[in-house]
Every structure is written in C-alpha cells, then in structure tokens.
Amino acid sequence: ASSGPARWVTPGIDRLGLTPLFGAIVTGDDVVLRKPAPDGYLEAARRLGADPTRSIAIEDSGPGIVAARAAGMKSVAIPHPLTEGHDLTGADLRVAHAGELSVARLATLLA
C-alpha cells in the first residue's frame with residue numbers, strides 16, 4: 001500500500017522485478033483518502049483477504065505509521081534519509097534496515 005500514484009509505484013516495482021512477489025498492490029489512485037488515512041492499508045488487506053489486526057505494515061514515514069495504526073495494523077518503521085526527521089514513535093518496532101527483520105521477529109509483533 002503506497003500513497004504514491006500508480007504511474008510511479010507500478011513501474012518502480014516492475015523495474016525491480018518484484019511484481020510477482022506481491023499479492024496486491026494498492027496505490028494512492030485506488031483510494032479516496034491517502035495516508036495518514038487508513039484507506040490504502042484497509043484496501044490492501046481486503047484484496048488479500050487478510051485481517052488488518054493480524055497484519056504488519058512496513059513503513060518509512062510518519063503518515064504511514066499513523067495510517068497503519070488507524071487500520072488496526074502493527075507497524076515497523078524503517079526510516080530513510082528523507083524521513084529520518086518524521087515522528088516514527090508510533091511504530092511497534094523501529095529498525096535501521098530490512099535486514100534486521102525476520103519472519104520470527106515479525107511474528108513476535110502479532111503474539
């Protein structure tokens with residue numbers, strides 16, 4: 001779930017060769033309200049048939065953390081240089097990079 005427009009999100013995912021790894025891709029074009037509203041996350045959960053309260057959002061921004069929490073999801077903050085100054089204190093977990101994550105570590109957030 002991204003607030004970015006499809007014309008930006010979809011080609012980016014394609015260029016990285018990641019499209020087959022996603023069960024659903026929701027962009028800002030697919031929802032009425034973008035982050036910090038929960039609409040994108042709720043739509044992604046709906047498309048995946050997932051319970052938002054048993055889902056984890058990986059986020060890099062303050063508005064994204066707010067959106068995930070409003071959707072009832074747990075959240076992991078992975079800031080990047082453009083969002084290091086954002087308020088990420090609402091995240092359930094903060095890591096420096098995705099390499100710090102594992103399925104087991106994420107599972108502890110839902111326990």
# chains A, B, ... in the order shown; residues from 1 in each chain; ligands from 1
$ closest_atom_pairs --of "segment 63-93 of chain A" --to "segment 32-39 of chain A" --cutoff "9 Å" --atoms "only C-alpha atoms" --output "Markdown table"
| residue | atom | partner | partner_atom | distance |
| --- | --- | --- | --- | --- |
| A:Pro63 | CA | A:Pro36 | CA | 4.4 |
| A:Gly64 | CA | A:Pro36 | CA | 5.8 |
| A:Ile65 | CA | A:Pro36 | CA | 7.7 |
| A:Val66 | CA | A:Pro36 | CA | 5.5 |
| A:Ala67 | CA | A:Pro38 | CA | 4.4 |
| A:Ala68 | CA | A:Pro38 | CA | 6.2 |
| A:Arg69 | CA | A:Pro38 | CA | 7.8 |
| A:Ala70 | CA | A:Pro38 | CA | 5.5 |
| A:Ala71 | CA | A:Pro38 | CA | 4.9 |
| A:Gly72 | CA | A:Pro38 | CA | 8.7 |
$ residues_around --residues "segment 23-27 of chain A" --least-positions-apart "6" --cutoff "10 Å" --atoms "only C-alpha atoms" --output "PyMOL selection string"
chain A and resi 1-10+13+34+39-48
$ atom_distance --atom1 "atom CA of Ser75 of chain A" --atom2 "atom CA of Gly62 of chain A"
10.9 Å
$ closest_residue --among "A:Thr83, A:Pro11, A:Leu16, A:Ala77" --to "Glu100 of chain A" --atoms "only C-alpha atoms"
A:Ala77
$ closest_residue --among "A:Ala104, A:Leu110, A:Ala50, A:Val76" --to "Gly90 of chain A" --atoms "only C-alpha atoms"
A:Val76
$ atom_distance --atom1 "atom CA of Ile56 of chain A" --atom2 "atom CA of Met73 of chain A"
5.5 Å
$ select_by_dssp --residues "segment 2-60 of chain A" --states "helix (DSSP H, G or I)" --output "list in words"
Ala6, Arg7, Trp8, Val9, Thr10, Pro11, Gly12, Ile13, Asp14, Arg15, Thr19, Pro20, Leu21, Gly28, Asp29, Asp30, Asp39, Gly40, Tyr41, Leu42, Glu43, Ala44, Ala45, Arg46, Arg47, Leu48, Pro52, Thr53 and Arg54 of chain A
